[in-house]
Protein chains: 6
Amino acid sequence: MQAPLINQLGVVRRTIDRANATARDQLGQFGSATIHEAMGRVGLMKPFMRPIYPGTRACGTAVTVLLQPGDNWMMHVAAEQIQPGDIVVAAVTAECTDGFFGDMLATSFKARGARGLVIDGGVRDVKDLTSMDFPVWSKAISSKGTIKATLGSVNIPVICAGALVNPGDVVIADDDGVVVVPAAIAQQVADAARKREDLETEKREKLAAGVLGLDMYQMREPLAKAGLKYID
Amino acid sequence: MQAPLINQLGVVRRTIDRANATARDQLGQFGSATIHEAMGRVGLMKPFMRPIYPGTRACGTAVTVLLQPGDNWMMHVAAEQIQPGDIVVAAVTAECTDGFFGDMLATSFKARGARGLVIDGGVRDVKDLTSMDFPVWSKAISSKGTIKATLGSVNIPVICAGALVNPGDVVIADDDGVVVVPAAIAQQVADAARKREDLETEKREKLAAGVLGLDMYQMREPLAKAGLKYID
Amino acid sequence: MQAPLINQLGVVRRTIDRANATARDQLGQFGSATIHEAMGRVGLMKPFMRPIYPGTRACGTAVTVLLQPGDNWMMHVAAEQIQPGDIVVAAVTAECTDGFFGDMLATSFKARGARGLVIDGGVRDVKDLTSMDFPVWSKAISSKGTIKATLGSVNIPVICAGALVNPGDVVIADDDGVVVVPAAIAQQVADAARKREDLETEKREKLAAGVLGLDMYQMREPLAKAGLKYID
Amino acid sequence: MQAPLINQLGVVRRTIDRANATARDQLGQFGSATIHEAMGRVGLMKPFMRPIYPGTRACGTAVTVLLQPGDNWMMHVAAEQIQPGDIVVAAVTAECTDGFFGDMLATSFKARGARGLVIDGGVRDVKDLTSMDFPVWSKAISSKGTIKATLGSVNIPVICAGALVNPGDVVIADDDGVVVVPAAIAQQVADAARKREDLETEKREKLAAGVLGLDMYQMREPLAKAGLKYID
Amino acid sequence: MQAPLINQLGVVRRTIDRANATARDQLGQFGSATIHEAMGRVGLMKPFMRPIYPGTRACGTAVTVLLQPGDNWMMHVAAEQIQPGDIVVAAVTAECTDGFFGDMLATSFKARGARGLVIDGGVRDVKDLTSMDFPVWSKAISSKGTIKATLGSVNIPVICAGALVNPGDVVIADDDGVVVVPAAIAQQVADAARKREDLETEKREKLAAGVLGLDMYQMREPLAKAGLKYID
Amino acid sequence: MQAPLINQLGVVRRTIDRANATARDQLGQFGSATIHEAMGRVGLMKPFMRPIYPGTRACGTAVTVLLQPGDNWMMHVAAEQIQPGDIVVAAVTAECTDGFFGDMLATSFKARGARGLVIDGGVRDVKDLTSMDFPVWSKAISSKGTIKATLGSVNIPVICAGALVNPGDVVIADDDGVVVVPAAIAQQVADAARKREDLETEKREKLAAGVLGLDMYQMREPLAKAGLKYID
């Protein structure tokens, strides 16, 4: 069978190429902002994706789900495909804020080893999810339940909150947002993130000591060239 | 006098039929999502209604208020109609994010026995309300004050955040949202919620033990019939 | 040189008239709602401006920054103009949710004595900013980084989230929102806020004791005159 | 059987009390703004409801439909209940912008005598609908198709775009928005609208001749009393 | 009396300094985009401000109005201050989509010589306004009526849709948006716009003949310097 | 060189595989809704993408552009890559409503043979574009100009308004929205669309004659099975 199209309906792929686990866990040490910079400023989901409770973070290999609006049937299909170290990424074929996910599914996902959920829709049972420390990034919170009547897909490429996610990609989510690293470049991005963070530590100390970015980054000349005028 | 129209201006109803207090307090033990399911998936306010601080919940019989944009005069009229066990539900005749409610009104409402406020508008003094543990669900937070110049109504049927609320209905609000239970079916819904919750406990244990929803809910056959294809 | 226009590009003003420090610090004792009322109900930013963590507050004299979308070069230029007791207020020439500010700039701003940031755009490194207790009010949180390529301005009048801010104005921000007090009337507004707060204390006690606002504010007669009907 | 709840699922009511046809057609001569005023400033849907082409208007007795997100099955059930002079009013149980309605359904609805559609969701085939002169008010336009898998209801009370609509109510829609008149007061509102419109004709002529509203409505004294200051 | 604050309530200024009529009418020959560029890329209102019918334009000296949400009393006060060649600019103290303006006020404004209305709120009677060819730029269209009970101001500085407007400033509005030119620089901006437009005519001809902007603007070298890579 | 990542910065691909011209022009005969259905309900951009004037349509092979917020430099780079029959599809690395495109670029694009523009940002000179009959689908209209300072890319895969677009894909846009057909399946989708449209003609005639969809699609039995209740 031909590879599934993006957002193609009615397909479950059982075998996916997960990113290397070491690279994945290295990426999990960095913030989403650092990784986005290290990857050349790409891979971010839209900023409307927010954690349902503050101070949490997650990093895993993506099991993708495509849902129809108002229907969470595929979530149960997805559960079977989860392996320890995965994070579930759910897209919806249309804008929908329904509560597609709650404490029952979280219990199941957790039992399968999932590290969290990223969903371009709504979730519910927020208090329970917080108690369970099962982190979720969503665009809405809603008590509204869903039905189980229409097919979506699992482990096909999906567009979630403006980002393409292929099954097996590394997804890193924290208070700042959600970033997707293609499996093939996971190690390369982890290395670049490490380098970037090392550089920042030194610079942070200088800034804390009162050195100006203007001087540390040698910006005064380019600013003058660009025509910046100082007046009193 | 004829029963007031929805959102009719200039009327205060002093005598309302509150839902049975026992049923109300039973409903208060369940989450908004459970109650919405138990009622047949109806009765929810729009998901833009959010608690002003996390982890709170409230359940009460509705005292309804209809406000004009930028004007909170009717809040004071409503205070007099509050009885212990009530929750105030405020609609606005037009979209308005002003801060219609703050610590002064909260002090008054609390003294009257109100259990919280649900308002399709804005509130202020969020820090004080949090300290007082007076829970509020609103669509905005705003320092913007309001005037006291135009009539609305108290204890008439109102549409608040997309839900019809009759005075005396039971309103349950938590981290997931706000649900309205008509007074006449409060006990019936409480019973259905209890049944639903009992069932979920057992299922949750199975899911925690690793049983898949696919098997527990016997979904494999209907999924195949619907045409789901597994590929490798 | 002529005074810069609102939002004029390419200018840094080094000498600004900061509001009196005593008046500023008196204003810092009141909530944004109280100050907005004391000023005659003007001066508020739009309610989409939210603190990145709850329970924080800040008050300072404004150092203003005008940014271009996707570019934070001027933030470094602004750092040099910060004096202890200042708060940075950043406007963007177009709607943009990018993360213009993170832990590196916060380290630099803090070293210069800044008390916080108000930005009509996005920020990142929210967890670090929370740990540093560097308060920020923004309209978005985003991992998305910015470049340093185009000129904006520093210390010119800007429109930030619907409010005009002149450099040196007092900006007070808390859980309820952000309010701007022109430097010239800082003391006058602080005095009015004090008076208002004194009055409220007494009223709050009455309300807590069960006195109705209807009676305390003598509203029954004007309500009747306006035509309010009570029915049973 | 008990009367259906608002937004109750799975019910079709075949016999409804339509507003008097004469009153309905009288109401059809007035704009939505005039009727809203004549009814005492109630009954409006939210202003996000817009006609799909300008300059159109419609007035009919409501056949109501409750849809699930992404599913238009009930539209076909509704078609059978349409009588000449009706307008279809469709609510969705959750926010959804899918294209629930297009030229096929419009052909069917038109053949049954429907005068238009009001839908708190999306529509498609806008060009065809415009050619057919079948007016639609919606909150979105979207090519996105829907499925036919889940039950909603027909001819039960629904909340559509913030307004309660009972089957049989008169719905008037034009460039300014959509207003709902309960069947029981249709004639009374039509009479009040006629009176209002007669008064406006005379006033319009005065204003066109340069008379100021300040004088025509005798506002100068109340403005002065309210404290308005004139300065030069 | 001291000059009114921005958005100060309760004041009407009768004497304002209107921009030179010749400069104003010269500005009226250019599009809002051209003028915004000629002014150094400042002065625009937010892009949510849209004309109520396409293909219209207006240019006038600003008579400003500050409204309270849900109240259009000040519109009548403003009418008296209108002189031929003016455009009315209405701000609201809070977000409000009510229909503050309709055919009655338009008749009055037109009789006074107003060239149009720019309002950070809603309008109604869109069909009549279109027939009258009275152009309006607004953020909403709504049948919702307003009351006449609370004071705002006329001819004070206001912030409208993110732009500061002083009475007497030139306001130019067309299909692209709304731009504000301070009265003091009206002639200077008109001259710069003329120069800009002359240059564009010549360039447009070249582009129409197939010359690339890359060559006409000599962009190839700076693009290469910035690091642009061509691949096959 | 490795194939560029989605949204990778700084790359221009000169050689792309355009969809077969015959298939493209066949697709151009169908509406976006029909094509979306024919493709299995995938490939749509978000419904916020709207034509800048009604009644227009376009179909072409995609030349993709990745822009930075506030910067349209890459539009000029893209112009050189346009061939007759292409449509330009522009994504922006962050939410930005600036006017990235106006009559000058339209003149250039038209001279190169472009059939239109689809942009997840803003455009300006709407009146001129309408006169030129150069169709544009955008999420905003804004006078706000952009600069030419930062690199994006041309002819790399981009995510535009929620849809992945590869250079050479067929893009069909009309009043209902924008749909993307991968080049490799263009003919197959065109055939399926033809088949679908043929079927609809016959059905439309039946519906026009008063046959109910309930009967034509044999829905009565499945509705009864699903539990639909008719009441009187």
# chains A, B, ... in the order shown; residues from 1 in each chain; ligands from 1
call {"tool": "select_by_dssp", "arguments": {"residues": "segment 127-207 of chain C", "states": "helix (DSSP H, G or I)", "output": "JSON list (two decimals) with C-alpha atoms, in the first residue's frame"}}
result
[["chain", "number", "residue", "atom", "x", "y", "z"],
["C", 127, "LYS", "CA", 9.58, 28.93, 33.61],
["C", 128, "ASP", "CA", 12.88, 30.80, 34.02],
["C", 129, "LEU", "CA", 11.15, 34.17, 34.28],
["C", 130, "THR", "CA", 8.94, 32.70, 36.99],
["C", 131, "SER", "CA", 11.97, 31.36, 38.91],
["C", 132, "MET", "CA", 13.71, 34.73, 38.59],
["C", 183, "ALA", "CA", 3.90, 61.44, 34.87],
["C", 184, "ALA", "CA", 2.41, 64.90, 35.37],
["C", 185, "ILE", "CA", -0.53, 63.65, 37.43],
["C", 186, "ALA", "CA", 1.16, 60.78, 39.28],
["C", 187, "GLN", "CA", 0.93, 62.38, 42.72],
["C", 188, "GLN", "CA", -2.62, 63.60, 42.20],
["C", 189, "VAL", "CA", -3.74, 60.10, 41.18],
["C", 190, "ALA", "CA", -1.89, 58.50, 44.10],
["C", 191, "ASP", "CA", -3.74, 60.82, 46.48],
["C", 192, "ALA", "CA", -7.09, 60.05, 44.88],
["C", 193, "ALA", "CA", -6.38, 56.32, 45.05],
["C", 194, "ARG", "CA", -5.55, 56.61, 48.75],
["C", 195, "LYS", "CA", -8.80, 58.40, 49.41],
["C", 196, "ARG", "CA", -10.77, 55.85, 47.43],
["C", 197, "GLU", "CA", -9.18, 52.93, 49.24],
["C", 198, "ASP", "CA", -9.87, 54.44, 52.65],
["C", 199, "LEU", "CA", -13.54, 54.75, 51.77],
["C", 200, "GLU", "CA", -13.72, 51.19, 50.54],
["C", 201, "THR", "CA", -12.41, 49.68, 53.76],
["C", 202, "GLU", "CA", -15.33, 51.01, 55.72],
["C", 203, "LYS", "CA", -17.84, 49.94, 53.09],
["C", 204, "ARG", "CA", -16.36, 46.47, 52.87],
["C", 205, "GLU", "CA", -16.97, 45.96, 56.57],
["C", 206, "LYS", "CA", -20.60, 46.94, 56.23],
["C", 207, "LEU", "CA", -21.13, 44.62, 53.30]]
call {"tool": "closest_atom_pairs", "arguments": {"of": "chain B", "to": "chain C", "cutoff": "9 Å", "atoms": "only C-alpha atoms", "output": "JSON lines"}}
result
{"residue": "B:Met1", "atom": "CA", "partner": "C:Ile231", "partner_atom": "CA", "distance": 7.8}
{"residue": "B:Leu9", "atom": "CA", "partner": "C:Leu228", "partner_atom": "CA", "distance": 8.6}
{"residue": "B:Gly10", "atom": "CA", "partner": "C:Leu228", "partner_atom": "CA", "distance": 4.9}
{"residue": "B:Val11", "atom": "CA", "partner": "C:Lys229", "partner_atom": "CA", "distance": 4.9}
{"residue": "B:Val12", "atom": "CA", "partner": "C:Tyr230", "partner_atom": "CA", "distance": 4.7}
{"residue": "B:Arg13", "atom": "CA", "partner": "C:Ile231", "partner_atom": "CA", "distance": 4.8}
{"residue": "B:Arg14", "atom": "CA", "partner": "C:Asp232", "partner_atom": "CA", "distance": 5.1}
{"residue": "B:Thr15", "atom": "CA", "partner": "C:Asp232", "partner_atom": "CA", "distance": 5.0}
{"residue": "B:Ile16", "atom": "CA", "partner": "C:Asp232", "partner_atom": "CA", "distance": 7.9}
{"residue": "B:Tyr53", "atom": "CA", "partner": "C:Pro54", "partner_atom": "CA", "distance": 8.7}
{"residue": "B:Trp73", "atom": "CA", "partner": "C:Met219", "partner_atom": "CA", "distance": 8.8}
{"residue": "B:His76", "atom": "CA", "partner": "C:Gly213", "partner_atom": "CA", "distance": 5.7}
{"residue": "B:Val77", "atom": "CA", "partner": "C:Leu214", "partner_atom": "CA", "distance": 6.6}
{"residue": "B:Ala79", "atom": "CA", "partner": "C:Leu212", "partner_atom": "CA", "distance": 7.1}
{"residue": "B:Glu80", "atom": "CA", "partner": "C:Leu212", "partner_atom": "CA", "distance": 6.8}
{"residue": "B:Thr97", "atom": "CA", "partner": "C:Pro47", "partner_atom": "CA", "distance": 7.5}
{"residue": "B:Asp98", "atom": "CA", "partner": "C:Pro47", "partner_atom": "CA", "distance": 8.5}
{"residue": "B:Gly99", "atom": "CA", "partner": "C:Ala33", "partner_atom": "CA", "distance": 8.8}
{"residue": "B:Asp103", "atom": "CA", "partner": "C:Arg204", "partner_atom": "CA", "distance": 8.3}
{"residue": "B:Met104", "atom": "CA", "partner": "C:Arg204", "partner_atom": "CA", "distance": 5.8}
{"residue": "B:Leu105", "atom": "CA", "partner": "C:Leu207", "partner_atom": "CA", "distance": 8.1}
{"residue": "B:Thr107", "atom": "CA", "partner": "C:Ala208", "partner_atom": "CA", "distance": 5.4}
{"residue": "B:Ser108", "atom": "CA", "partner": "C:Leu207", "partner_atom": "CA", "distance": 4.8}
{"residue": "B:Phe109", "atom": "CA", "partner": "C:Leu207", "partner_atom": "CA", "distance": 8.6}
{"residue": "B:Lys110", "atom": "CA", "partner": "C:Ala208", "partner_atom": "CA", "distance": 7.7}
{"residue": "B:Ala111", "atom": "CA", "partner": "C:Gly210", "partner_atom": "CA", "distance": 5.4}
{"residue": "B:Arg112", "atom": "CA", "partner": "C:Gly210", "partner_atom": "CA", "distance": 6.6}
{"residue": "B:Gly122", "atom": "CA", "partner": "C:Pro47", "partner_atom": "CA", "distance": 8.9}
{"residue": "B:Val123", "atom": "CA", "partner": "C:Asp176", "partner_atom": "CA", "distance": 8.2}
{"residue": "B:Arg124", "atom": "CA", "partner": "C:Asp176", "partner_atom": "CA", "distance": 5.5}
{"residue": "B:Asp125", "atom": "CA", "partner": "C:Asp176", "partner_atom": "CA", "distance": 6.2}
{"residue": "B:Val126", "atom": "CA", "partner": "C:Asp175", "partner_atom": "CA", "distance": 6.2}
{"residue": "B:Lys127", "atom": "CA", "partner": "C:Gly55", "partner_atom": "CA", "distance": 6.5}
{"residue": "B:Ala140", "atom": "CA", "partner": "C:Pro47", "partner_atom": "CA", "distance": 7.2}
{"residue": "B:Ile141", "atom": "CA", "partner": "C:Asp176", "partner_atom": "CA", "distance": 6.0}
{"residue": "B:Ser142", "atom": "CA", "partner": "C:Pro47", "partner_atom": "CA", "distance": 5.2}
{"residue": "B:Ser143", "atom": "CA", "partner": "C:Ala33", "partner_atom": "CA", "distance": 4.4}
{"residue": "B:Lys144", "atom": "CA", "partner": "C:Ala33", "partner_atom": "CA", "distance": 6.5}
{"residue": "B:Gly145", "atom": "CA", "partner": "C:Glu37", "partner_atom": "CA", "distance": 6.9}
{"residue": "B:Thr146", "atom": "CA", "partner": "C:Arg41", "partner_atom": "CA", "distance": 9.0}
{"residue": "B:Ala149", "atom": "CA", "partner": "C:Ala226", "partner_atom": "CA", "distance": 8.7}
{"residue": "B:Thr150", "atom": "CA", "partner": "C:Ala226", "partner_atom": "CA", "distance": 7.7}
{"residue": "B:Leu151", "atom": "CA", "partner": "C:Leu228", "partner_atom": "CA", "distance": 6.9}
{"residue": "B:Gly152", "atom": "CA", "partner": "C:Leu228", "partner_atom": "CA", "distance": 8.4}
{"residue": "B:Ser153", "atom": "CA", "partner": "C:Leu228", "partner_atom": "CA", "distance": 8.1}
call {"tool": "residues_around", "arguments": {"residues": "Asn155 of chain C", "least_positions_apart": "4", "cutoff": "6 Å", "atoms": "only C-alpha atoms", "output": "JSON list (two decimals) with all heavy atoms, in the first residue's frame"}}
result
[["chain", "number", "residue", "atom", "x", "y", "z"],
["C", 13, "ARG", "N", 15.59, 58.11, 22.61],
["C", 13, "ARG", "CA", 15.71, 59.31, 23.44],
["C", 13, "ARG", "C", 16.40, 58.90, 24.74],
["C", 13, "ARG", "O", 15.97, 57.97, 25.41],
["C", 13, "ARG", "CB", 14.32, 59.89, 23.71],
["C", 13, "ARG", "CG", 14.35, 61.23, 24.40],
["C", 13, "ARG", "CD", 12.95, 61.78, 24.62],
["C", 13, "ARG", "NE", 12.41, 62.46, 23.46],
["C", 13, "ARG", "CZ", 12.67, 63.74, 23.14],
["C", 13, "ARG", "NH1", 13.49, 64.46, 23.88],
["C", 13, "ARG", "NH2", 12.13, 64.28, 22.07],
["C", 63, "VAL", "N", 10.10, 52.88, 30.51],
["C", 63, "VAL", "CA", 11.03, 53.00, 29.39],
["C", 63, "VAL", "C", 10.29, 52.33, 28.23],
["C", 63, "VAL", "O", 9.94, 51.15, 28.33],
["C", 63, "VAL", "CB", 12.35, 52.28, 29.68],
["C", 63, "VAL", "CG1", 13.16, 52.03, 28.41],
["C", 63, "VAL", "CG2", 13.16, 53.09, 30.67],
["C", 64, "THR", "N", 10.02, 53.07, 27.17],
["C", 64, "THR", "CA", 9.21, 52.52, 26.08],
["C", 64, "THR", "C", 10.09, 51.98, 24.96],
["C", 64, "THR", "O", 11.17, 52.49, 24.71],
["C", 64, "THR", "CB", 8.25, 53.57, 25.50],
["C", 64, "THR", "OG1", 9.03, 54.60, 24.90],
["C", 64, "THR", "CG2", 7.35, 54.16, 26.56],
["C", 167, "PRO", "N", 7.29, 57.86, 27.67],
["C", 167, "PRO", "CA", 8.40, 57.49, 28.55],
["C", 167, "PRO", "C", 8.33, 58.30, 29.84],
["C", 167, "PRO", "O", 8.05, 59.50, 29.79],
["C", 167, "PRO", "CB", 9.64, 57.84, 27.73],
["C", 167, "PRO", "CG", 9.18, 58.60, 26.53],
["C", 167, "PRO", "CD", 7.74, 58.32, 26.35]]
call {"tool": "atom_distance", "arguments": {"atom1": "atom CA of Ala114 of chain A", "atom2": "atom CA of Leu67 of chain A"}}
result
18.3 Å
call {"tool": "residues_around", "arguments": {"residues": "Lys148 of chain F", "least_positions_apart": "4", "cutoff": "9 Å", "atoms": "only C-alpha atoms", "output": "mmCIF file with N, CA and C atoms, in the first residue's frame"}}
result
data_model
loop_
_atom_site.group_PDB
_atom_site.id
_atom_site.type_symbol
_atom_site.label_atom_id
_atom_site.label_comp_id
_atom_site.auth_asym_id
_atom_site.auth_seq_id
_atom_site.Cartn_x
_atom_site.Cartn_y
_atom_site.Cartn_z
ATOM 1 N N GLY F 70 6.368 40.695 8.788
ATOM 2 C CA GLY F 70 6.729 42.083 8.499
ATOM 3 C C GLY F 70 7.731 42.262 7.378
ATOM 4 N N ASP F 71 8.004 41.236 6.603
ATOM 5 C CA ASP F 71 9.070 41.295 5.592
ATOM 6 C C ASP F 71 8.612 40.569 4.324
ATOM 7 N N ASN F 72 8.629 41.286 3.188
ATOM 8 C CA ASN F 72 8.175 40.642 1.950
ATOM 9 C C ASN F 72 9.287 40.474 0.899
ATOM 10 N N TRP F 73 10.519 40.470 1.365
ATOM 11 C CA TRP F 73 11.659 40.378 0.431
ATOM 12 C C TRP F 73 11.529 39.165 -0.493
ATOM 13 N N MET F 74 11.116 38.045 0.080
ATOM 14 C CA MET F 74 11.087 36.804 -0.689
ATOM 15 C C MET F 74 10.043 36.829 -1.811
#
call {"tool": "atom_distance", "arguments": {"atom1": "atom CA of Ala38 of chain F", "atom2": "atom CA of Val181 of chain F"}}
result
10.3 Å
call {"tool": "select_by_dssp", "arguments": {"residues": "segment 18-193 of chain C", "states": "strand (DSSP E or B)", "output": "ChimeraX atom specification"}}
result
/C:44,50-51,58-67,71,86-92,99,117-123,136-141,147,153-154,158-160,163-165,170-174,177-181
call {"tool": "atom_distance", "arguments": {"atom1": "atom CA of Pro84 of chain D", "atom2": "atom CA of Gly116 of chain D"}}
result
10.9 Å
